[in-house]
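Novice: So that we are looking at the same thing, I have put the structure below in structure tokens.
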Amino acid sequence: MSRPDRTEFRSLTGMRDVLWPESARRRALVDVFAAVVEAAGYREVRPPLLEDLGVFLRVGETTDVVTKEMYDFEDKDGSRVALRPELTAGVVRAFVQHSPPVPWKVWYEGANFRHERPQKGRYRSFEQVGVEVLGVDDPDLDVEVIALAWRFYEAIGLRSVRLLLNTLGEHDDRARYTEAVRDHLEAHRGDLSDQALATLARNPLRVLDSKRPQDRAVVESAPVIADVLSAPAAEHFARVREGLEVLGVPYTEAPRLVRGLDYYRRTTFEFAAESLDAAQNAVGGGGRYDGLAEDLGGPPTDGIGLALGVDRILLACDAEGVFGAPEAVLDVYVVDLVGGAAARDLTHELRAAGFSADRRFGGGSMKSQMKSADRSGARWAVLVGDDEVAAGEVTLRDLRGGADQRRVPRDRLTAELAGSQPSETQPSEPEVEPT
Ligand code: HAM
């Protein structure tokens, strides 16, 4: 019988496999984020990847994220569902569904899907870490959320991040501002690019985000929100700025900063990494979304949050030469020179005694096994050869260049290892700042 044709599959456009050690670096990054936010009382939430399409339509029916980029499809029962393009809508849906006591302070990490044009720093599947807080209308909370992100960037060693800060005012302010921007753009239609004109028809505020040189002059002369801001919104914003100043979080006011999602009210912000290309340099963003819980069928509830893009943060780390992948760590590598059950049983015993241990399968020369031992990051190699088995011993070799190699009785091995100077690698505490 002839073999069926074999197709070579590859990951989809804009989606990447993350292999070790990059996977370990991501995990370490999430661990740092979790440590920073859990120390401030945030607890993890894990909403599903797939939601009713309606949940995301509330994110903004006039935004590209929803109208063009969503992975939405009909489920087997005929319902319309979508892979999440972000986590905020799902988290707020969960809040409405479960009615937890407020304030509800949560953090998350995970993948999101947007059918974008892939390029460096812009992918169709990308990961975020983030926080959301439901049920608090206090500008000091805005300060807390922003300061946590700042503390996180500092903790991983990034130095080129800039905080851009704006407010979109209350609901009515935003509506008035949208009209003022629309009037301005309509008055300058002739100077705008075709893309900007198309955006203007759907969502005038998004034109302010245009990076096309042709649109810049019109955008730069557009009205700013301060022109129409109500007194309570102005007061809220003043308190946020004051708090950031007191906490030593530097910011730049960005009066025309608009975000790519529609639910924002009042404080909005973005973090830009100056080490990345301008088109993809947003390494995080967020703001208040005080009407979203209501839009999703819940009681009126204030909300604020942020999400930071893990993929882009790691690109910024590469550019700055910080937060490299952690090294491989292992306590023991078992070198098997006899075959049979000896290596199997020894490895099992070592693991049962709390040591991290790996071994060679299928034998091989001493030289090639020692190479594997080095590559594994092991602190010690334990050699099992004919002589050792006959004498009821093993040979212990320190791979970090410490003591000379020595023979130890097989039944004393774990005690010997435990008695040697403590391994930095054992048992694994998450590394906060790998170098
Ligand atoms: P966002 O600005 O759409 O906001 O995304 C936040 C971050 O995710 C961006 O700053 C960027 O670092 C990263 N990101 C977005 N799209 C991509 C992509 N295609 N490829 C790589 N990275 C990407 C949100 O998602 C809101 N949910 C943030 C929020 C939370 N607002 C309130 N709470």
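Labeling convention for the structure tokens: chains A, B, ... as they appear, residues from 1 per chain, ligands from 1 in order of appearance.
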Any residue with an atom at most 8 Å from ligand 1 counts, using only C-alpha atoms and all ligand atoms. Which are they? Put them as a PDB file with C-alpha atoms, in the first residue's frame.
Specialist:
ATOM      1  CA  VAL A  65     -11.142  45.602  16.341  1.00  0.00           C
ATOM      2  CA  PRO A  85      -9.942  40.234  20.769  1.00  0.00           C
ATOM      3  CA  GLU A  86      -9.232  41.545  24.313  1.00  0.00           C
ATOM      4  CA  LEU A  87     -10.156  40.582  27.853  1.00  0.00           C
ATOM      5  CA  THR A  88     -11.965  43.579  29.293  1.00  0.00           C
ATOM      6  CA  ALA A  89     -15.368  42.785  27.789  1.00  0.00           C
ATOM      7  CA  PHE A 113      -7.039  37.185  18.561  1.00  0.00           C
ATOM      8  CA  ARG A 114      -7.295  40.006  16.047  1.00  0.00           C
ATOM      9  CA  HIS A 115      -7.181  39.497  12.294  1.00  0.00           C
ATOM     10  CA  GLU A 116      -4.657  42.289  11.717  1.00  0.00           C
ATOM     11  CA  PRO A 118       0.884  40.947  10.696  1.00  0.00           C
ATOM     12  CA  GLY A 121       5.018  43.609  17.011  1.00  0.00           C
ATOM     13  CA  ARG A 122       1.571  43.109  15.469  1.00  0.00           C
ATOM     14  CA  TYR A 123       0.243  39.575  15.459  1.00  0.00           C
ATOM     15  CA  ARG A 124      -3.076  37.813  15.004  1.00  0.00           C
ATOM     16  CA  SER A 125      -2.604  35.916  18.228  1.00  0.00           C
ATOM     17  CA  PHE A 126      -0.915  37.896  20.986  1.00  0.00           C
ATOM     18  CA  GLU A 127      -0.764  37.819  24.746  1.00  0.00           C
ATOM     19  CA  GLN A 128      -1.688  40.393  27.315  1.00  0.00           C
ATOM     20  CA  GLY A 130      -3.832  43.197  32.640  1.00  0.00           C
ATOM     21  CA  VAL A 131      -5.972  44.323  35.541  1.00  0.00           C
ATOM     22  CA  GLU A 132      -9.582  45.458  35.878  1.00  0.00           C
ATOM     23  CA  ARG A 259      -7.900  54.500  22.122  1.00  0.00           C
ATOM     24  CA  GLY A 260      -8.850  51.780  19.658  1.00  0.00           C
ATOM     25  CA  LEU A 261     -11.887  50.629  21.648  1.00  0.00           C
ATOM     26  CA  TYR A 264     -13.641  54.576  27.389  1.00  0.00           C
ATOM     27  CA  GLU A 270      -1.120  54.470  26.796  1.00  0.00           C
ATOM     28  CA  PHE A 271       2.458  53.333  27.402  1.00  0.00           C
ATOM     29  CA  ALA A 272       4.823  53.826  24.464  1.00  0.00           C
ATOM     30  CA  GLN A 280       3.892  49.362  17.020  1.00  0.00           C
ATOM     31  CA  ASN A 281       5.328  51.054  20.062  1.00  0.00           C
ATOM     32  CA  ALA A 282       2.262  50.870  22.326  1.00  0.00           C
ATOM     33  CA  VAL A 283       3.277  48.367  24.987  1.00  0.00           C
ATOM     34  CA  GLY A 284       0.116  48.865  27.001  1.00  0.00           C
ATOM     35  CA  GLY A 285      -2.979  50.950  27.426  1.00  0.00           C
ATOM     36  CA  GLY A 286      -6.182  51.340  29.316  1.00  0.00           C
ATOM     37  CA  GLY A 287      -8.621  53.653  30.981  1.00  0.00           C
ATOM     38  CA  ARG A 288     -12.035  54.030  32.593  1.00  0.00           C
ATOM     39  CA  TYR A 289     -15.090  52.366  31.081  1.00  0.00           C
ATOM     40  CA  ILE A 304     -11.100  50.918  35.030  1.00  0.00           C
ATOM     41  CA  GLY A 305      -8.298  48.720  33.803  1.00  0.00           C
ATOM     42  CA  LEU A 306      -5.343  48.251  31.551  1.00  0.00           C
ATOM     43  CA  ALA A 307      -3.749  45.606  29.384  1.00  0.00           C
ATOM     44  CA  LEU A 308      -0.072  45.316  28.527  1.00  0.00           C
ATOM     45  CA  GLY A 309       1.094  43.523  25.381  1.00  0.00           C
ATOM     46  CA  VAL A 310       3.506  40.744  26.348  1.00  0.00           C
ATOM     47  CA  ASP A 311       4.863  40.267  22.795  1.00  0.00           C
ATOM     48  CA  ARG A 312       5.736  43.925  22.399  1.00  0.00           C
ATOM     49  CA  ILE A 313       7.141  44.251  25.900  1.00  0.00           C
TER      50      ILE A 313
END
Novice: For the structure I just gave you, how does DSSP split region 187-264 of chain A - specifically, which residues are alpha helix (DSSP H)? Reply as a VMD selection string.
Specialist: chain A and resid 187 194 to 202 204 to 207 213 to 220 231 to 247
Novice: If I take CA of Val55 (chain A) and CA of Asp137 (chain A), how far is one from the other in Å, to one decimal?
Specialist: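 CA of Asp137 (chain A) lies 23.2 Å from CA of Val55 (chain A).
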Novice: Mind checking DSSP for region 75-246 of chain A and telling me the strand (DSSP E or B) residues as JSON, numbers by chain?
Specialist: {"A": [80, 81, 82, 83, 104, 105, 106, 107, 108, 109, 110, 111, 112, 113, 119, 122, 125, 126, 127, 128, 129, 130, 131, 132, 133, 134, 161, 162, 163, 164, 165, 166, 167]}
Novice: Could you take the residues named above and write them with N, CA and C atoms, as a CSV table (one decimal), in the first residue's frame?
Specialist:
chain,number,residue,atom,x,y,z
A,80,ARG,N,-23.9,32.9,17.4
A,80,ARG,CA,-22.7,33.6,16.9
A,80,ARG,C,-21.8,33.8,18.0
A,81,VAL,N,-20.6,33.4,17.8
A,81,VAL,CA,-19.6,33.5,18.9
A,81,VAL,C,-18.3,34.1,18.3
A,82,ALA,N,-17.4,34.5,19.2
A,82,ALA,CA,-16.1,35.1,18.7
A,82,ALA,C,-15.0,34.7,19.7
A,83,LEU,N,-13.8,34.6,19.1
A,83,LEU,CA,-12.6,34.5,19.9
A,83,LEU,C,-12.3,35.9,20.5
A,104,TRP,N,-14.2,44.9,43.0
A,104,TRP,CA,-13.7,43.6,42.4
A,104,TRP,C,-12.4,43.9,41.7
A,105,LYS,N,-11.3,43.5,42.3
A,105,LYS,CA,-9.9,43.8,41.7
A,105,LYS,C,-9.4,42.5,41.1
A,106,VAL,N,-9.2,42.5,39.8
A,106,VAL,CA,-8.7,41.2,39.2
A,106,VAL,C,-7.6,41.5,38.3
A,107,TRP,N,-6.8,40.4,38.0
A,107,TRP,CA,-5.8,40.5,37.0
A,107,TRP,C,-5.9,39.3,36.1
A,108,TYR,N,-5.3,39.3,35.0
A,108,TYR,CA,-5.4,38.2,34.0
A,108,TYR,C,-4.1,38.2,33.1
A,109,GLU,N,-4.0,37.0,32.5
A,109,GLU,CA,-3.0,36.9,31.4
A,109,GLU,C,-3.6,36.0,30.4
A,110,GLY,N,-3.2,36.1,29.1
A,110,GLY,CA,-3.7,35.2,28.2
A,110,GLY,C,-3.7,35.7,26.7
A,111,ALA,N,-4.1,34.8,25.8
A,111,ALA,CA,-4.1,35.1,24.4
A,111,ALA,C,-5.3,35.9,23.9
A,112,ASN,N,-5.1,36.7,22.9
A,112,ASN,CA,-6.2,37.4,22.3
A,112,ASN,C,-6.0,37.2,20.8
A,113,PHE,N,-7.1,37.4,20.0
A,113,PHE,CA,-7.0,37.2,18.6
A,113,PHE,C,-7.6,38.4,17.8
A,119,GLN,N,2.9,42.1,11.3
A,119,GLN,CA,4.2,42.7,11.1
A,119,GLN,C,4.9,42.6,12.5
A,122,ARG,N,3.0,43.1,15.7
A,122,ARG,CA,1.6,43.1,15.5
A,122,ARG,C,1.2,41.7,15.0
A,125,SER,N,-2.4,36.5,16.9
A,125,SER,CA,-2.6,35.9,18.2
A,125,SER,C,-1.5,36.5,19.1
A,126,PHE,N,-1.9,37.2,20.1
A,126,PHE,CA,-0.9,37.9,21.0
A,126,PHE,C,-1.4,37.8,22.4
A,127,GLU,N,-0.4,38.0,23.3
A,127,GLU,CA,-0.8,37.8,24.7
A,127,GLU,C,-0.8,39.1,25.5
A,128,GLN,N,-1.6,39.2,26.4
A,128,GLN,CA,-1.7,40.4,27.3
A,128,GLN,C,-1.6,40.0,28.8
A,129,VAL,N,-1.1,40.8,29.6
A,129,VAL,CA,-1.4,40.8,31.0
A,129,VAL,C,-2.2,42.0,31.4
A,130,GLY,N,-3.1,42.0,32.4
A,130,GLY,CA,-3.8,43.2,32.6
A,130,GLY,C,-4.5,43.1,34.0
A,131,VAL,N,-5.1,44.3,34.3
A,131,VAL,CA,-6.0,44.3,35.5
A,131,VAL,C,-7.3,45.0,35.2
A,132,GLU,N,-8.3,44.7,36.0
A,132,GLU,CA,-9.6,45.5,35.9
A,132,GLU,C,-10.1,45.6,37.3
A,133,VAL,N,-10.7,46.8,37.5
A,133,VAL,CA,-11.4,47.0,38.8
A,133,VAL,C,-12.8,47.5,38.6
A,134,LEU,N,-13.7,46.8,39.2
A,134,LEU,CA,-15.1,47.2,39.0
A,134,LEU,C,-15.7,47.7,40.4
A,161,VAL,N,10.1,53.5,28.5
A,161,VAL,CA,8.6,53.6,28.4
A,161,VAL,C,8.2,55.0,28.8
A,162,ARG,N,7.2,55.5,28.0
A,162,ARG,CA,6.7,56.8,28.3
A,162,ARG,C,5.2,56.7,28.5
A,163,LEU,N,4.7,57.3,29.5
A,163,LEU,CA,3.2,57.3,29.8
A,163,LEU,C,2.5,58.5,29.1
A,164,LEU,N,1.6,58.2,28.3
A,164,LEU,CA,0.8,59.3,27.6
A,164,LEU,C,-0.6,59.3,28.3
A,165,LEU,N,-1.0,60.4,28.7
A,165,LEU,CA,-2.2,60.5,29.6
A,165,LEU,C,-3.2,61.5,28.9
A,166,ASN,N,-4.5,61.1,29.0
A,166,ASN,CA,-5.6,61.9,28.5
A,166,ASN,C,-6.8,61.6,29.3
A,167,THR,N,-7.9,62.5,29.0
A,167,THR,CA,-9.2,62.1,29.5
A,167,THR,C,-10.2,62.3,28.3
Novice: Hey, what's within 8 Å of region 359-364 of chain A if we count only C-alpha atoms and toss same-chain stuff fewer than 2 positions away? As a list in words, please?
Specialist: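 Selected residues are Tyr333, Val334, Val335, Asp336, Leu337, Val338, Gly339, Ala343, Thr347, Ala357, Met366, Ser368, Gln369 and Ser372 of chain A.
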Novice: Would you kindly return, as a ChimeraX atom specification, each protein, DNA or RNA residue with an atom no farther than 9 Å from any atom of region 402-412 of chain A, considering only C-alpha atoms and excluding same-chain residues fewer than 4 positions away?
Specialist: /A:346,388-389,391-398,416-417
Novice: Of the candidates A:Leu244, A:Ala373, A:Ala279, A:Ala325, which one gets nearest to Pro21 (chain A) if we count only C-alpha atoms?
Specialist: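 Result for the nearest residue to Pro21 (chain A): A:Ala325.
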Novice: Using only C-alpha atoms, find the one residue out of A:Ser230, A:Thr414, A:Ser23, A:Thr199 that sits nearest to Tyr177 (chain A).
Specialist: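 So, comparing all the options, the nearest one is A:Ser230.
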Novice: Mind giving me the straight-line distance from CA of Leu50 (chain A) to CA of Thr67 (chain A) in Å, one decimal?
Specialist: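 If I compute the distance from CA of Leu50 (chain A) to CA of Thr67 (chain A), I get 17.0 Å.
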Novice: CA of Gly419 (chain A) and CA of Arg351 (chain A), how far apart in Å?
Specialist: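 Taking CA of Arg351 (chain A) as the start and CA of Gly419 (chain A) as the end point, the length is 16.4 Å.
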Novice: Quick one: of A:Leu168, A:Leu12, A:Val30, A:Leu192, who's nearest to Leu229 (chain A), counting only C-alpha atoms?
Specialist: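 Checking each candidate against Leu229 (chain A), we get A:Leu168 as the closest.
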Novice: List the neighbours of Leu197 (chain A) out to 12 Å using only C-alpha atoms; skip same-chain residues closer than 6 positions along the sequence, and give me the result as a list of chain:residue names.
Specialist: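 Near neighbours after the sequence-gap exclusion: A:Arg182, A:Leu185, A:Glu186, A:Ala187, A:His188, A:Arg189, A:Gly190, A:Asp191, A:Asn203, A:Pro204, A:Leu205, A:Arg206, A:Val207, A:Leu208, A:Ser210, A:Gln214, A:Asp215, A:Val218.
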Novice: Restricting the calculation to only C-alpha atoms: of A:Ala94, A:Leu141, A:Leu350, A:Ala293, which residue gets closest to Tyr263 (chain A)?
Specialist: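 The shortest atom-to-atom distance to Tyr263 (chain A) comes from A:Ala293.
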Novice: Could you check which of A:Arg27, A:Ser376, A:Ala217, A:Leu330 is closest to Ser356 (chain A), using only C-alpha atoms?
Specialist: A:Leu330
Novice: Between A:Asp302, A:Asp172, A:His98, A:Trp150, which one has atoms that come closest to Val136 (chain A), using only C-alpha atoms?
Specialist: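 Going through A:Asp302, A:Asp172, A:His98, A:Trp150 one by one, the smallest distance to Val136 (chain A) is for A:Asp302.
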